[in-house]
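Only one structure is covered here, and it is reproduced in the block below.
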Amino acid sequence: MKKINKIITIAVVLIFSFSCSESFLDYSPKGSLTSEMLNAPEHLDNMLTAAYASLGNDDWSYAISHMWQWGSVRSDDAFKGGGSVGDQGEIDYLEQFVTMRTDLSKPNLAWIAIYEGIGRANDALSRIDAVTEADYPQKVIREAECRFLRGHWYFLLKILFKNPPYIDELTPREEIKNIANNILTNDQLWDKIAEDFQFGVDNLPEVQPQKGRANKYAAAAYLAKVRLYQAYEQDNQNNVTKINQAKLQQVVTLTDQVINSGKYNLSDDFAKNFLTAYENGPESIFAIQFSYDDGTGAPGRINKATGLNYNMAPEFGCCDFHNPSQNMVNAFRTDENGLPLFDTFDNVILRNPEDFWNNSVDPRLDHTVGIATHPFKYIPAWVMKSSWRRAPQVYGYYSSMKEVAPYNDPTYRKYSAFMGSACNFDILRYDDVLLMKAEALIELNRESEALALINEIRTRAKNSTNWLKMTDGSPISNYKIESYVDGVNCTWNKDFARKALQFERRLEFAMEGSRFFDLVRWGIAAETLNKHFDTEKTRFAFLKDAKFQKGRDEYLPIPQQQITLVEGKYVQNNGW
Amino acid sequence: MHESLRKKSKRWVLRCLLIALSITCYSNVYAQKVAITGKVINSVTNEVLVGATVLEKGTTNGVLTGPDGSFNISISPGAILQISFVGMVPKEVVIGESRNIEVSMQESISRLEEIVVTGYQTQRKVDLTGAVSVVNVSDIAEIPTSNTMQALQGRIAGLYIETSGDPSGRTRNLLIRGVNTLGNTSPLYIIDGVPSKESNQFNYLDPNSIESIQILKDASAASIYGSRASNGVIIVTTKKGKDRFKVEFGSSTTAQYFTRRMDVCNTEEYGRALWQAAINDGTDPGTLSARYTYDWHTDNGVAVLDKVNSVEFVGGNPLLRATDTDWQDALFRRGMITNNNITISGGTKTSSLLISLGQNHNKSVIKYNWFDRINAQINSSISFLDGKIKVGEDFHLANLTEVPLRGDHNGPGIDNFNSTTVISNAYFMQTRLPVYDANGDFAGPTGTGFSDRNNPLHVAYLGRDNRVKNLLLFGNLYLEVQPIKNLLLRSRFGIDYDNSLKTAIERKWVEGFLSRNVNYLETERGNKFNWTWSNTANYRLDIKQNSFDFLVGMEAIANDYAWMRGYKEGFADQSLDYLQFSAATGIASISGSRTGNQLLSYFGKINYRWSDRYLASATLRVDGSSRFGEENRFGLFPAFTLGWRIDKEAFMANVKFISNLKLRSGYGIVGNQEIGDEARFGKYATNYGTLSGNRIIGTAYAITGVNTGNLPSGYVATQLANVNLKWESTSEINIGIDFGFFNESITGSFDYFGRTTKDILTRPPYPGAMGEGSYQYVNGATMKNKGFEIVLGYRGDVGPVSFNVTGSVTSFHDRITYLPASVVRSYAGNVEKTIIGRSVTSQFGYITDGIFQNAQEVDNGVTQAGKGIGRLRWVDLNNDKKIDAYDQDWLGTTLPDFEYGLNVELSYKNFTLSLFGQGVSGRTVNDGNLGSTDFASGQGMNFGKRVLKAWTPQNPNSTIPMLSLVNRNSETRSSNYTLRNGSYFKMRNASLGYTLPSDLAQKIKVGFLRVYVAAENFLLIKAFGDDAFTGQDPETPGTVYPRPVTYTLGINITL
């Protein structure tokens, strides 16, 4: 019995002597860092890298690197494409304008993604601001890079939504939800964006050791772009009321800085702007650096914004979105002098194979548009077939080419039904700088100085036919393009120069996602697009109800979801 | 491989059966009296029974047991002894070779005397004061599911379950007394005393090894489990070996059929619908010429279709002759379930052992998809020192193997396991496309007019080598010490282990314009190890008419989960044997993490009873959790209950028809800590390669301009800190009445409960302008939930037929009473109409007012983007003459107003028939496939047949809007068109069984033999009317794994 009692006593003591100290409940998170840890100078470069990474954090569901849904499909350049009108139906709403709503998901996703970029830039910036140059010698340069990225993101928000709330690195995170979108006027917001780029112009080095980083000239070029947009002053109804001469003068000064730096020039062949092998070339001022097979999970950080835009060629397979409009294809037609037909281009339809021989065309057509019977993407033996089109009965006969990598590009990758490549996407290119300067000069009544700039672009285009060859070496189409010669093939006055400039921008940047924003800047979106709809709907029935509502459709509505999340603190855009 | 395994296990089971049979065989006996000695004991307590009657059957030869429970009797060889004792179930014993027998008798528990496990202790059911449901385990044992939870559907008042037909039996929604929180609503499971939040451990128990299931529904009953009990507690006890050696064998085979088909267009009808849509749109039907050409003419301005011609070859490919494929036939098949179990058990006064082996194979109704479960249960105990010390263990092991459904090309890989895309592809793949091309290869979308969806059979085939495996181990070791009478000290160490392995194999393939040109292997291994150590002391004290039960204890719990995933591309050979990571030469990636939490608790409870009439209890539990900061780490969870057994009062003595009447009431507080282990911390992380869907959200960037290779990476915020995070708590009042009339032939109970859940843990969405990682967990909301449960039963006899009818009705209604501004936006509603005051399952949307019949109506209508003749007209609720987000209203809840169940059991002689039906009423569901069955705007996929009945000027009474190739009016938006009445009634189960009479059973030397046939899910009655659900099964709206109709043949034998 004694033994039993002993055993029992020991057992009882054991059981109830287990008095856990509270340390049993201690727990530290796994695989993460605290915010404070990242203030150390050795992490600051990485915080900025994360901000750069946002440039490529994209997807076709909102596409903010290559803005084809926002700037191309919404313009007269392109149709949505895809399998049917209802396929990715929200893009159809964008395209038709008349069915747009304030609560669609795509604008909301774009909004969120852009503010993610801003958030990362602000996060890095606030940490870099807090250290001394002694601890972090690159401090000022890195600050300027953060602000460059932030400027880029706000520029996108500005042209998409007009009145986004402005958040900088000084705003505590918990305060952000209280910031309204009408604190700054239209012009003040442009100035805020400009300040960031000005800081870059003042503080960034002329050359960065790493190609992906913004340098002084990238900042200057972007600032020029901001000032150019800002120069066309808009009222609350989105009417262009005045063109600000001082701003235009700044555009000239800034673009001159880039041009005179001697660090950039046009590539010898236009094609090189759209091929992976030539990325970061002499024309590229600032580009999104995509990569593949980089350990980030298949297929890598390729360009996913345009993942839907590959046609139905057997080497691709899907999904043939972003189809050139007939109107745009016709715009590449040239007259007997090799000049564009500003007012009459759309009277002749380029459709059948012989049309590209019976008419003359700008060579940039075959850099931009996939056309049945024409070699695709500079591969003579790879001739596009009509079967590469997915819904020709709905969306016509052409497919997009610039953003599409050829199947033999080593960086071309297929992921699920979609495709992409590591080919960089240029946010700022030298041809843009030349044309921005030309535009400013024209509006400053110095159109004669603009002539040479536009001709520089046209000359390069003329020389860009080396890769536009059939297998036998003959040209694909009947190319004829010439420079403007005042008094010989044109009368170069301000009105003509403006038309020439606007047309040149369309041809040079066709399908690159900027056309719509150009039209809005110039204040001619409503008239241009409604005219376009009037003719194009006779060719394509799906456009029969399309209508651009002046004063409203120049900008997307502030996403209703966001208005709701801030308890209505955002004021909705005009007309919505 | 699995086929052979299954055969093997079948053979093995048969062999066991033969061995078991031979054990019980014995040689014949002489016709001479034999002397038998023996002892009669109580099977539960092992106490000897003094004065029990022992009678030779069919004679008057009998004796009584002596003071030591023993007896001596001479009987004819082969005779049967009948043993009876007051309060015990009479027993018959066949005398074989043995001359010395021990007879253990079970207490004859009227339902009132049933013993119920209520948390660290047991109580008589009659003494319960909380809301506790007891599952009738025998009802569910014969249901041929892989998943025990699925078998409980509709059978317990207050337990709401939605299921699908997935062979793993995954439940889609499981609620005890409705929704009480905005986050995790899963209950706490207590299996043999060990707690777990892992539903797998319960779901994949073999029903044959379950002794009892109790459900603690209200806070006063559950509060002894404190912090994790707010969603209710399910207590499971597995069988233990007792008294004589016993071998039980059960086997069943089930055929399963996919019967609720999607009613889709054939090739001609699809062409017709497209034509009609084109005509309606004013589009030339010639634009459809890649697929169809039409002979049609105009009659008085009305287009008339004469003939639909399907283009001969799909996409012009001569290998693909257009046809009329039944894709549902192509994907679905007859499924089979086999179920086998053998349990060997036995016990002595000091020890007990139970070994159970089970096997369940579910070849589901979708080709290549199957689920397999193997169970083993070993429970044993031994006591010594006169029962003062007892040690034991209960261990359960389950090995699960599944070929999950896989996503189509859009989402192969582990992340899309169990995607139902393959099912929607089978519903809506265009019928023109053949399953195979002329070469016998899988056909796929080709040419114009197809969506980028895969051939569903090809998808299923591609997934054939994918696996999800789980090795589950659950159990405990315990030590019980009884140092003095009525004091029981128990220390129990439990483990809850889940080793999971998921494997996705993706080969190269081409199918129409879809293809994959890189192969890969992806695996994910997860290791979950949770342990619990609980120490309790129970003490019973009886002072005259006062009875006390005391319980004190402590519990420490640690949970740990680690996972790792690998991915590698580029295999030279695609055979299964070659697909090992080391064999690949392409890019690779690896990811993994770990998380965990700890809980430390102290608790106590007192149950008090006075003279069987007045009952009371008080509970207190203190729980600390590592999920909360030091300030708020501990939570306090008290409860009190009162009970009054009115029938025991003197004044009720003359009320003979009342056999039981008890009033119960309780109040308690329970907690919820179900948020992430790291929810309170502010976190930054590197997202080197993190994807969110297809979208990259990473922090790595090729800043140097290189195109490939390892990239520099940064860090990004992933979560904001909340140091004030604390427990969510639910307080509940429960009032109940239990009654039994006419000697318990009518029984029933009624429970009413009211709950308030405060400080609900949520993670609200944030304005995009805040940037990434602005998620912050907060104690956000308050909800109220109230409801009632009624259970009514009647048992009786009509002539030789005895019957037992049980019905139950459950109703619960939740409403959110408070939400901080930041959280309101997470839920349905808009700035003007918020969810406050409404159920969290509320549906919100537009209201239709029919179809615009003519141009005049369109012109008179308010501004509505996309309005037109034949289009749905939305109601301008706020009279601002335009349709926008403010014209939405509340359109019902996805949880029903009522759930009801009816179980009827009839027995006649040796036959038993049981019927079980269940239904819900007052439920609004999203008719998820309407976009495909009512509209022609998604032209890449087939349409439901309803499109053929759509509105046209000639068919103006249709409620289905005019067909159009575009959905300009956004008619699939959330509205009372898409949200419909999802009420239903289902006959869940019917079974007919036959038990061999005992004399016959003895002839073939078995103790018990039962055969049965059963059918499951064979009748569905849906709501009808204009607002009725139009899809196949309102229980599973949208595209969900359909629940098959099953037919089972089974046998149970006890030796």
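Letters A, B, ... go to the chains of the structure tokens in the order shown; residues in each chain start at 1; ligands are counted from 1 in the same order.
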What are the residues of chain B that have an atom within 6 Å of an atom of chain A, counting only C-alpha atoms, as a PyMOL selection string? chain B and resi 287+409-410+448+513-514+589+598+626+678+683-685+688-689+695-697+699-705+707-710+714-715+767-772+825+865-866+937-938+966
DSSP on the backbone, alpha helix (DSSP H) only: what residues of range 170-227 of chain A does that give? Format it as number ranges by chain. A: 186-203, 216-227
Which neighbours of Trp492 in chain A fall inside 8 Å, counting only C-alpha atoms, when residues of the same chain fewer than 3 positions from it are skipped, and could you give them as a PyMOL selection string? chain A and resi 447-448+451+485-487+496-497
Save out the residues we just selected, all heavy atoms, as a PDB file, in the first residue's frame.
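That gives us result-v3.pdb:
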```pdb
ATOM      1  N   GLU A 447       6.784  76.622 -85.978  1.00  0.00           N
ATOM      2  CA  GLU A 447       6.601  75.390 -86.714  1.00  0.00           C
ATOM      3  C   GLU A 447       7.748  75.088 -87.672  1.00  0.00           C
ATOM      4  O   GLU A 447       8.049  73.925 -87.957  1.00  0.00           O
ATOM      5  CB  GLU A 447       5.257  75.400 -87.467  1.00  0.00           C
ATOM      6  CG  GLU A 447       5.096  76.444 -88.531  1.00  0.00           C
ATOM      7  CD  GLU A 447       4.574  77.770 -87.978  1.00  0.00           C
ATOM      8  OE1 GLU A 447       4.416  77.887 -86.740  1.00  0.00           O
ATOM      9  OE2 GLU A 447       4.330  78.683 -88.782  1.00  0.00           O
ATOM     10  N   SER A 448       8.389  76.096 -88.143  1.00  0.00           N
ATOM     11  CA  SER A 448       9.470  75.811 -89.096  1.00  0.00           C
ATOM     12  C   SER A 448      10.595  75.033 -88.421  1.00  0.00           C
ATOM     13  O   SER A 448      11.226  74.171 -89.039  1.00  0.00           O
ATOM     14  CB  SER A 448       9.999  77.114 -89.690  1.00  0.00           C
ATOM     15  OG  SER A 448      10.454  77.950 -88.641  1.00  0.00           O
ATOM     16  N   LEU A 451       9.885  71.262 -88.378  1.00  0.00           N
ATOM     17  CA  LEU A 451       9.921  70.506 -89.628  1.00  0.00           C
ATOM     18  C   LEU A 451      11.041  69.464 -89.655  1.00  0.00           C
ATOM     19  O   LEU A 451      10.815  68.291 -89.951  1.00  0.00           O
ATOM     20  CB  LEU A 451      10.080  71.488 -90.804  1.00  0.00           C
ATOM     21  CG  LEU A 451      10.140  70.867 -92.201  1.00  0.00           C
ATOM     22  CD1 LEU A 451       8.849  70.144 -92.533  1.00  0.00           C
ATOM     23  CD2 LEU A 451      10.395  71.959 -93.250  1.00  0.00           C
ATOM     24  N   VAL A 485       8.715  68.758 -97.478  1.00  0.00           N
ATOM     25  CA  VAL A 485       9.588  69.825 -97.991  1.00  0.00           C
ATOM     26  C   VAL A 485       8.698  71.021 -98.264  1.00  0.00           C
ATOM     27  O   VAL A 485       7.828  70.976 -99.141  1.00  0.00           O
ATOM     28  CB  VAL A 485      10.328  69.388 -99.278  1.00  0.00           C
ATOM     29  CG1 VAL A 485      11.330  70.465 -99.682  1.00  0.00           C
ATOM     30  CG2 VAL A 485      11.018  68.053 -99.066  1.00  0.00           C
ATOM     31  N   ASP A 486       8.891  72.036 -97.473  1.00  0.00           N
ATOM     32  CA  ASP A 486       8.025  73.210 -97.557  1.00  0.00           C
ATOM     33  C   ASP A 486       8.128  73.821 -98.946  1.00  0.00           C
ATOM     34  O   ASP A 486       9.216  74.044 -99.475  1.00  0.00           O
ATOM     35  CB  ASP A 486       8.458  74.229 -96.499  1.00  0.00           C
ATOM     36  CG  ASP A 486       7.488  75.400 -96.435  1.00  0.00           C
ATOM     37  OD1 ASP A 486       6.329  75.234 -96.884  1.00  0.00           O
ATOM     38  OD2 ASP A 486       7.894  76.454 -95.916  1.00  0.00           O
ATOM     39  N   GLY A 487       6.958  74.062 -99.543  1.00  0.00           N
ATOM     40  CA  GLY A 487       6.929  74.695-100.844  1.00  0.00           C
ATOM     41  C   GLY A 487       7.105  73.723-101.984  1.00  0.00           C
ATOM     42  O   GLY A 487       6.872  74.063-103.145  1.00  0.00           O
ATOM     43  N   PHE A 496      -0.900  73.174 -90.907  1.00  0.00           N
ATOM     44  CA  PHE A 496      -0.413  71.972 -91.579  1.00  0.00           C
ATOM     45  C   PHE A 496       0.555  71.220 -90.675  1.00  0.00           C
ATOM     46  O   PHE A 496       0.508  70.003 -90.537  1.00  0.00           O
ATOM     47  CB  PHE A 496       0.274  72.361 -92.897  1.00  0.00           C
ATOM     48  CG  PHE A 496       0.666  71.171 -93.730  1.00  0.00           C
ATOM     49  CD1 PHE A 496      -0.212  70.633 -94.676  1.00  0.00           C
ATOM     50  CD2 PHE A 496       1.904  70.550 -93.553  1.00  0.00           C
ATOM     51  CE1 PHE A 496       0.157  69.524 -95.415  1.00  0.00           C
ATOM     52  CE2 PHE A 496       2.267  69.434 -94.296  1.00  0.00           C
ATOM     53  CZ  PHE A 496       1.385  68.919 -95.238  1.00  0.00           C
ATOM     54  N   ALA A 497       1.430  71.990 -90.057  1.00  0.00           N
ATOM     55  CA  ALA A 497       2.437  71.363 -89.188  1.00  0.00           C
ATOM     56  C   ALA A 497       1.769  70.614 -88.045  1.00  0.00           C
ATOM     57  O   ALA A 497       2.183  69.514 -87.662  1.00  0.00           O
ATOM     58  CB  ALA A 497       3.381  72.431 -88.637  1.00  0.00           C
TER      59      ALA A 497
END
```
Excluding range 1009-1011 of chain B and its own-chain neighbours fewer than 6 positions away, which residues fall within 7 Å of it when counting only C-alpha atoms? Please give them as number ranges by chain. B: 993-996, 1001, 1050-1054
Just the selected residues (C-alpha atoms), exported as a compact mmCIF listing (two decimals), in the first residue's frame, please.
```
# COMPACT_ATOMS: atom_id res chain seq x y z
CA GLY B 993 -32.19 -3.96 -44.14
CA TYR B 994 -32.72 -7.52 -43.12
CA THR B 995 -31.26 -8.99 -39.96
CA LEU B 996 -30.92 -12.71 -39.79
CA ALA B 1001 -27.61 -16.88 -37.32
CA GLY B 1050 -24.03 -3.95 -47.92
CA ILE B 1051 -23.56 -6.56 -45.24
CA ASN B 1052 -22.59 -6.49 -41.56
CA ILE B 1053 -21.50 -9.59 -39.73
CA THR B 1054 -20.51 -10.03 -36.11
```
Would you kindly return, as a count of residues only, each protein, DNA or RNA residue with an atom no farther than 7 Å from any atom of range 569-576 of chain A, considering only C-alpha atoms and excluding same-chain residues fewer than 3 positions away? 11
Kindly indicate which residue among B:Thr1030, B:Arg621, B:Arg228, B:Glu198 lies nearest to Tyr561 in chain B, using only C-alpha atoms for the distances.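 Looking at the shortest contact to Tyr561 in chain B, the residue is B:Glu198.
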Report the residues of range 653-703 of chain B whose backbone DSSP state falls under strand (DSSP E), written as a PyMOL selection string. chain B and resi 658-672+683-685+691-692+695-696
Surrounding residues of Asp814 in chain B excluding itself and chain neighbours under 3 positions, 9 Å, only C-alpha atoms, as a compact mmCIF listing (two decimals) with N, CA, C and O atoms, in the first residue's frame:
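Output below, filename out-v1.txt:
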```txt
# COMPACT_ATOMS: atom_id res chain seq x y z
N GLY B 178 -25.74 28.46 -37.25
CA GLY B 178 -25.63 29.61 -38.12
C GLY B 178 -24.30 30.33 -38.04
O GLY B 178 -23.32 29.81 -37.51
N VAL B 179 -24.32 31.54 -38.57
CA VAL B 179 -23.09 32.31 -38.67
C VAL B 179 -22.97 33.21 -37.45
O VAL B 179 -23.85 33.99 -37.16
N ASN B 180 -21.86 33.08 -36.75
CA ASN B 180 -21.66 33.91 -35.57
C ASN B 180 -20.47 34.80 -35.69
O ASN B 180 -20.16 35.57 -34.81
N ARG B 755 -27.53 34.95 -29.42
CA ARG B 755 -26.08 35.10 -29.31
C ARG B 755 -25.66 36.50 -29.69
O ARG B 755 -26.25 37.11 -30.57
N MET B 783 -22.05 40.96 -34.04
CA MET B 783 -23.14 40.27 -34.71
C MET B 783 -24.08 39.71 -33.67
O MET B 783 -23.66 39.33 -32.58
N LYS B 784 -25.33 39.63 -34.05
CA LYS B 784 -26.29 38.92 -33.22
C LYS B 784 -26.84 37.77 -34.05
O LYS B 784 -26.94 37.85 -35.27
N ASN B 785 -27.19 36.73 -33.34
CA ASN B 785 -27.71 35.56 -34.03
C ASN B 785 -28.72 34.94 -33.09
O ASN B 785 -28.47 34.82 -31.89
N LYS B 786 -29.87 34.64 -33.62
CA LYS B 786 -30.84 33.98 -32.76
C LYS B 786 -31.56 32.92 -33.56
O LYS B 786 -31.59 32.98 -34.80
N GLY B 787 -32.12 31.98 -32.86
CA GLY B 787 -32.81 30.94 -33.60
C GLY B 787 -33.38 29.92 -32.65
O GLY B 787 -33.32 30.06 -31.43
N GLY B 837 -27.44 45.58 -39.59
CA GLY B 837 -28.83 45.18 -39.36
C GLY B 837 -29.24 44.00 -40.22
O GLY B 837 -30.39 43.56 -40.15
N ARG B 838 -28.30 43.50 -41.03
CA ARG B 838 -28.66 42.39 -41.92
C ARG B 838 -27.69 41.23 -41.77
O ARG B 838 -26.62 41.37 -41.19
N SER B 839 -28.09 40.13 -42.34
CA SER B 839 -27.25 38.94 -42.27
C SER B 839 -26.00 39.12 -43.09
O SER B 839 -26.01 39.75 -44.15
N VAL B 840 -24.93 38.51 -42.61
CA VAL B 840 -23.68 38.55 -43.36
C VAL B 840 -23.82 37.81 -44.69
O VAL B 840 -23.08 38.06 -45.62
N THR B 841 -24.79 36.95 -44.79
CA THR B 841 -24.97 36.22 -46.06
C THR B 841 -25.97 36.92 -46.97
O THR B 841 -26.47 36.34 -47.91
```
12 Å contact set for Val201 in chain A, only C-alpha atoms, chain neighbours under 2 positions out, as a PyMOL selection string: chain A and resi 140-141+144-145+147-148+194-199+203-206+214-224+254-255+257-258
Between CA of Asp135 in chain A and CA of Glu169 in chain A, distance in Å (one decimal):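 Result for CA of Asp135 in chain A versus CA of Glu169 in chain A: 20.4 Å, one decimal.
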Please report the interatomic distance between CA of Gly931 in chain B and CA of Asn418 in chain B in Å with one decimal. 22.2 Å
By how many Å are CA of Ser745 in chain B and CA of Gly796 in chain B apart? 6.3 Å
Under the rule that only C-alpha atoms are counted, which of B:Gly1038, B:Ala278, B:Val391, B:Pro456 is the nearest residue to Trp327 in chain B?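 Once distances to Trp327 in chain B are computed over only C-alpha atoms, the minimum belongs to B:Pro456.
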B:Asn100, B:Ala219, B:Val920, B:Ala52 ranked by distance to Ser84 in chain B, top pick (using only C-alpha atoms):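 Of B:Asn100, B:Ala219, B:Val920, B:Ala52, the one nearest Ser84 in chain B, counting only C-alpha atoms, is B:Ala52.
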